[in-house]
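Source file: coords19.cif. Holds: mmCIF, C-alpha atoms.
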data_data
loop_
_atom_site.group_PDB
_atom_site.id
_atom_site.type_symbol
_atom_site.label_atom_id
_atom_site.label_comp_id
_atom_site.auth_asym_id
_atom_site.auth_seq_id
_atom_site.Cartn_x
_atom_site.Cartn_y
_atom_site.Cartn_z
ATOM 1 C CA MET U 9 122.846 151.913 183.002
ATOM 2 C CA LYS U 10 121.402 154.214 185.682
ATOM 3 C CA THR U 11 121.658 157.931 185.243
ATOM 4 C CA ALA U 12 122.908 159.659 188.388
ATOM 5 C CA GLU U 13 120.567 162.348 189.594
ATOM 6 C CA VAL U 14 122.363 165.655 189.712
ATOM 7 C CA ALA U 15 121.429 167.934 192.592
ATOM 8 C CA THR U 16 120.806 171.443 191.361
ATOM 9 C CA LYS U 17 121.678 174.497 193.362
ATOM 10 C CA THR U 18 118.987 177.038 194.151
ATOM 11 C CA LYS U 19 120.016 180.679 194.589
ATOM 12 C CA TRP U 20 118.222 182.841 197.151
ATOM 13 C CA GLY U 21 118.483 186.564 197.811
ATOM 14 C CA ILE U 22 117.263 188.698 200.674
ATOM 15 C CA ASP U 23 113.899 190.410 200.262
ATOM 16 C CA VAL U 24 115.127 193.681 201.786
ATOM 17 C CA ALA U 25 111.620 195.176 202.027
ATOM 18 C CA HIS U 26 110.581 192.330 204.351
ATOM 19 C CA SER U 27 113.796 191.886 206.348
ATOM 20 C CA GLU U 28 115.526 193.647 209.217
ATOM 21 C CA ILE U 29 119.099 193.359 210.488
ATOM 22 C CA GLY U 30 119.029 194.716 214.031
ATOM 23 C CA PHE U 31 120.981 194.912 217.267
ATOM 24 C CA LYS U 32 120.692 196.246 220.777
ATOM 25 C CA VAL U 33 123.165 197.256 223.459
ATOM 26 C CA LYS U 34 122.758 198.183 227.092
ATOM 27 C CA HIS U 35 123.057 201.957 227.689
ATOM 28 C CA LEU U 36 123.871 203.392 231.147
ATOM 29 C CA MET U 37 123.646 199.802 232.433
ATOM 30 C CA ILE U 38 119.832 200.175 232.750
ATOM 31 C CA THR U 39 118.190 200.299 229.319
ATOM 32 C CA ASN U 40 118.628 198.974 225.790
ATOM 33 C CA VAL U 41 119.282 201.068 222.707
ATOM 34 C CA ARG U 42 118.279 199.457 219.414
ATOM 35 C CA GLY U 43 119.653 199.987 215.962
ATOM 36 C CA SER U 44 119.525 198.477 212.514
ATOM 37 C CA PHE U 45 121.233 198.584 209.138
ATOM 38 C CA ARG U 46 119.423 199.720 205.987
ATOM 39 C CA GLU U 47 121.823 198.318 203.342
ATOM 40 C CA PHE U 48 122.499 194.583 203.279
ATOM 41 C CA ASP U 49 122.345 191.583 200.966
ATOM 42 C CA ALA U 50 123.432 187.968 200.670
ATOM 43 C CA SER U 51 124.141 185.196 198.217
ATOM 44 C CA ILE U 52 122.608 181.992 199.507
ATOM 45 C CA TYR U 53 122.694 178.655 197.708
ATOM 46 C CA THR U 54 120.764 175.557 198.723
ATOM 47 C CA THR U 55 120.109 172.145 197.265
ATOM 48 C CA GLY U 56 116.455 172.557 196.337
ATOM 49 C CA GLU U 57 114.746 174.133 199.340
ATOM 50 C CA ASN U 58 116.924 172.361 201.930
ATOM 51 C CA PHE U 59 118.660 175.041 204.009
ATOM 52 C CA MET U 60 120.594 172.642 206.255
ATOM 53 C CA ASN U 61 123.657 172.694 203.977
ATOM 54 C CA ALA U 62 123.172 176.194 202.634
ATOM 55 C CA GLU U 63 126.099 178.284 201.467
ATOM 56 C CA VAL U 64 125.600 181.707 203.058
ATOM 57 C CA ASP U 65 127.595 184.807 202.165
ATOM 58 C CA PHE U 66 126.089 187.916 203.832
ATOM 59 C CA TRP U 67 127.283 191.519 203.897
ATOM 60 C CA LEU U 68 126.044 194.843 205.219
ATOM 61 C CA ASN U 69 127.129 198.433 204.879
ATOM 62 C CA PRO U 70 128.054 199.771 208.359
ATOM 63 C CA ALA U 71 127.527 203.355 207.091
ATOM 64 C CA SER U 72 123.809 202.499 206.824
ATOM 65 C CA VAL U 73 123.467 202.151 210.616
ATOM 66 C CA THR U 74 120.463 203.895 212.131
ATOM 67 C CA THR U 75 119.459 204.180 215.788
ATOM 68 C CA GLY U 76 116.990 207.051 215.567
ATOM 69 C CA ASP U 77 119.594 209.593 216.698
ATOM 70 C CA GLU U 78 121.830 211.271 214.084
ATOM 71 C CA LYS U 79 124.550 212.200 216.594
ATOM 72 C CA ARG U 80 124.776 208.620 217.900
ATOM 73 C CA ASP U 81 124.718 207.246 214.319
ATOM 74 C CA GLY U 82 127.633 209.563 213.461
ATOM 75 C CA HIS U 83 129.585 208.304 216.472
ATOM 76 C CA LEU U 84 128.936 204.664 215.465
ATOM 77 C CA LYS U 85 130.274 205.427 211.966
ATOM 78 C CA SER U 86 133.464 207.007 213.405
ATOM 79 C CA ALA U 87 136.795 205.294 214.124
ATOM 80 C CA ASP U 88 135.575 204.727 217.729
ATOM 81 C CA PHE U 89 133.256 202.043 216.380
ATOM 82 C CA PHE U 90 132.730 200.930 212.733
ATOM 83 C CA ASP U 91 135.294 203.273 211.111
ATOM 84 C CA VAL U 92 133.266 203.420 207.889
ATOM 85 C CA GLU U 93 135.902 205.496 206.108
ATOM 86 C CA ASN U 94 138.290 202.534 206.199
ATOM 87 C CA PHE U 95 135.932 199.548 206.462
ATOM 88 C CA LYS U 96 133.061 199.516 203.957
ATOM 89 C CA GLU U 97 131.562 196.110 204.866
ATOM 90 C CA ILE U 98 130.636 193.856 207.726
ATOM 91 C CA HIS U 99 130.696 190.313 206.414
ATOM 92 C CA PHE U 100 129.366 186.916 207.579
ATOM 93 C CA THR U 101 130.094 183.576 205.915
ATOM 94 C CA ALA U 102 128.344 180.516 207.349
ATOM 95 C CA ASN U 103 130.290 177.276 207.641
ATOM 96 C CA THR U 104 128.426 174.868 209.957
ATOM 97 C CA VAL U 105 124.857 173.975 210.961
ATOM 98 C CA GLU U 106 124.405 172.092 214.246
ATOM 99 C CA ASN U 107 121.706 170.926 216.637
ATOM 100 C CA TYR U 108 118.850 170.978 214.145
ATOM 101 C CA ASP U 109 115.548 170.099 215.806
ATOM 102 C CA LYS U 110 112.183 168.987 214.428
ATOM 103 C CA ASP U 111 110.712 172.471 214.915
ATOM 104 C CA GLY U 112 113.213 173.954 212.446
ATOM 105 C CA SER U 113 115.566 175.588 214.941
ATOM 106 C CA PHE U 114 119.330 175.206 214.607
ATOM 107 C CA GLU U 115 122.676 176.787 215.395
ATOM 108 C CA LEU U 116 124.447 178.495 212.507
ATOM 109 C CA TRP U 117 128.206 178.935 212.896
ATOM 110 C CA GLY U 118 130.258 181.211 210.705
ATOM 111 C CA GLU U 119 132.941 183.834 210.408
ATOM 112 C CA LEU U 120 131.943 187.413 211.202
ATOM 113 C CA THR U 121 134.324 190.113 209.938
ATOM 114 C CA ILE U 122 134.139 193.620 211.394
ATOM 115 C CA LYS U 123 136.921 196.195 210.873
ATOM 116 C CA GLY U 124 139.046 193.536 209.189
ATOM 117 C CA ILE U 125 138.901 191.223 212.232
ATOM 118 C CA LYS U 126 137.451 187.771 211.555
ATOM 119 C CA LYS U 127 135.988 185.696 214.413
ATOM 120 C CA GLN U 128 133.846 182.555 214.593
ATOM 121 C CA VAL U 129 130.326 183.217 215.970
ATOM 122 C CA LYS U 130 127.214 181.171 216.722
ATOM 123 C CA LEU U 131 123.762 182.382 215.734
ATOM 124 C CA ASP U 132 120.507 180.764 216.823
ATOM 125 C CA VAL U 133 118.174 180.355 213.860
ATOM 126 C CA GLU U 134 114.467 179.591 213.715
ATOM 127 C CA PHE U 135 113.251 178.507 210.282
ATOM 128 C CA GLY U 136 109.763 179.852 209.568
ATOM 129 C CA GLY U 137 109.157 177.781 206.441
ATOM 130 C CA VAL U 138 108.796 178.277 202.703
ATOM 131 C CA MET U 139 105.725 179.895 201.144
ATOM 132 C CA LYS U 140 104.672 181.065 197.696
ATOM 133 C CA ASP U 141 103.485 184.675 197.652
ATOM 134 C CA PRO U 142 100.498 185.921 195.557
ATOM 135 C CA TRP U 143 102.880 186.833 192.693
ATOM 136 C CA GLY U 144 104.364 183.339 192.427
ATOM 137 C CA ASN U 145 107.626 184.055 194.278
ATOM 138 C CA HIS U 146 108.962 181.389 196.626
ATOM 139 C CA LYS U 147 109.892 182.924 199.992
ATOM 140 C CA ALA U 148 111.657 181.463 203.026
ATOM 141 C CA ALA U 149 111.703 183.073 206.474
ATOM 142 C CA PHE U 150 114.199 182.991 209.338
ATOM 143 C CA ALA U 151 114.519 184.613 212.763
ATOM 144 C CA ILE U 152 118.215 184.925 213.682
ATOM 145 C CA ASN U 153 119.556 185.855 217.112
ATOM 146 C CA GLY U 154 122.938 185.895 218.771
ATOM 147 C CA LYS U 155 125.232 187.709 221.157
ATOM 148 C CA ILE U 156 128.768 188.961 220.582
ATOM 149 C CA ASN U 157 131.328 190.939 222.548
ATOM 150 C CA ARG U 158 132.014 194.081 220.499
ATOM 151 C CA LYS U 159 135.557 194.377 221.888
ATOM 152 C CA ASP U 160 136.494 191.148 220.055
ATOM 153 C CA TRP U 161 136.308 193.252 216.858
ATOM 154 C CA GLY U 162 138.080 196.343 218.156
ATOM 155 C CA LEU U 163 134.914 198.301 218.981
ATOM 156 C CA ASN U 164 136.408 199.439 222.293
ATOM 157 C CA TRP U 165 135.143 202.980 222.947
ATOM 158 C CA ASN U 166 133.389 203.520 226.273
ATOM 159 C CA ALA U 167 132.985 205.960 229.125
ATOM 160 C CA ALA U 168 132.982 205.235 232.864
ATOM 161 C CA LEU U 169 129.917 206.244 234.849
ATOM 162 C CA GLU U 170 130.183 208.252 238.066
ATOM 163 C CA ALA U 171 128.100 205.682 239.960
ATOM 164 C CA GLY U 172 130.133 202.782 238.557
ATOM 165 C CA GLY U 173 129.751 200.755 235.405
ATOM 166 C CA VAL U 174 130.091 201.946 231.826
ATOM 167 C CA LEU U 175 128.036 203.895 229.313
ATOM 168 C CA VAL U 176 127.796 201.112 226.699
ATOM 169 C CA SER U 177 127.815 197.368 227.400
ATOM 170 C CA ASP U 178 130.407 195.147 225.760
ATOM 171 C CA GLU U 179 127.699 192.666 224.775
ATOM 172 C CA VAL U 180 125.731 193.296 221.593
ATOM 173 C CA TRP U 181 122.575 191.290 220.937
ATOM 174 C CA ILE U 182 121.924 190.547 217.277
ATOM 175 C CA SER U 183 118.295 190.214 216.214
ATOM 176 C CA CYS U 184 117.320 189.677 212.582
ATOM 177 C CA GLU U 185 114.139 188.832 210.708
ATOM 178 C CA VAL U 186 115.086 187.682 207.228
ATOM 179 C CA GLN U 187 112.862 186.795 204.300
ATOM 180 C CA LEU U 188 114.556 185.190 201.319
ATOM 181 C CA VAL U 189 113.278 185.060 197.775
ATOM 182 C CA LYS U 190 114.200 182.286 195.355
ATOM 183 C CA GLN U 191 116.063 183.623 192.310
ATOM 184 C CA SER U 192 115.191 182.399 188.837
#
Please express what this file holds, its structure, as structure tokens.
Amino acid sequence: MKTAEVATKTKWGIDVAHSEIGFKVKHLMITNVRGSFREFDASIYTTGENFMNAEVDFWLNPASVTTGDEKRDGHLKSADFFDVENFKEIHFTANTVENYDKDGSFELWGELTIKGIKKQVKLDVEFGGVMKDPWGNHKAAFAINGKINRKDWGLNWNAALEAGGVLVSDEVWISCEVQLVKQS
């Protein structure tokens, strides 16, 4: 009688010290303003070190937003944008991987929830590989990029410009560098 091999799940967490969750938006229609979040984490489960069928549950604290300007950060935390008094998390749950190529790039689809509104989004992911650090920890690296329309999540505030156009673009570019660490 053959014994069936049981696939074991591997848990990964985000190495926050070596990761960044960032974004940029067009300001005054001519330049980009960048920001990031300081508080975030995820529960990620793979079969071994195969990330193609990973279970990804990611969250961040919108009150941890930072753009380098306290006044702007305060406005982003207000009801005009993230409404951090009423919505304590931004959440992403992955559900599909598509178009994997031999270089390790793929499309990651999932549900993004902001201000209680859940929408399907596509993120472009570049897998950097798995490496063991000098302390024996197994690390995996990913570059993650995407674009969303902030109005789809009720982030509607804006101001018209005298010369035409608006103060803040509707499009938000997501740009993340994420290093995972295998949990024991």
**OP:** Determine the residue membership of the PyMOL selection byres ((chain U and resi 191) around 12) for the file above and supply it as a list of chain:residue names.
**Re:**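 Output of the PyMOL selection byres ((chain U and resi 191) around 12): U:Lys17, U:Thr18, U:Lys19, U:Trp20, U:Gly21, U:Ile22, U:Asp23, U:Ala50, U:Ser51, U:Ile52, U:Tyr53, U:Thr54, U:Gly56, U:Glu57, U:Gly144, U:Asn145, U:His146, U:Lys147, U:Ala148, U:Leu188, U:Val189, U:Lys190, U:Ser192.
In this model, the gap between atom CA of U:Gly137 and atom CA of U:Asn103 comes to 21.2 Å.
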**OP:** Could you please determine the separation between atom CA of U:Val180 and atom CA of U:Ala149 in Å, to one decimal place?
**Re:** 23.0 Å
Subject >> Counting all atoms listed in the file, the option among U:Glu185, U:Asp109, U:Asp132, U:Asp49 closest to U:Gly30 >> reply: U:Glu185
Original post:
Selected by the PyMOL selection byres ((chain U and resi 121) around 12) in the shown coordinates: which residues, as a PyMOL selection string?
Top reply: chain U and resi 65-68+70+90+95-102+118-120+122-129+158+160-162
**OP:** Compile the contact shell of stretch 177-179 of chain U as a PyMOL selection string: residues with an atom at most 8 Å away, counting only C-alpha atoms, same-chain residues fewer than 2 positions apart removed.
**Re:** chain U and resi 33-35+37+155-159+174-175+181
Original post:
Distance atom CA of U:Trp165-atom CA of U:Ser86, one decimal place?
Top reply: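 Calculated distance between atom CA of U:Trp165 and atom CA of U:Ser86 is 10.5 Å.
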Original post:
Leaving out U:Phe114 and any residue of its chain fewer than 3 positions from it, which residues lie within 12 Å of it when counting only C-alpha atoms, given as a PyMOL selection string?
Top reply: chain U and resi 59-61+104-111+117+130-136+150-153
Original post:
So which one's closest to U:Lys140, U:Ala62, U:Gln187, U:Asn164, U:Val176? Using all atoms listed in the file, please.
Top reply: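 Smallest separation from U:Lys140 among the options: U:Gln187.
If you apply the PyMOL selection byres ((chain U and resi 46) around 9) to this structure, you end up with Val24, Glu28, Ile29, Ser44, Phe45, Glu47, Phe48, Leu68, Asn69, Pro70, Ala71, Ser72, Val73 and Thr74 of chain U.
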Give the centre and edge lengths of an axis-aligned box, in Å to one decimal, that holds all listed atoms of stretch 139-156 of chain U with 3 Å on each side, as AutoDock Vina command-line options.
--center_x 114.6 --center_y 184.4 --center_z 206.8 --size_x 34.3 --size_y 15.1 --size_z 34.7
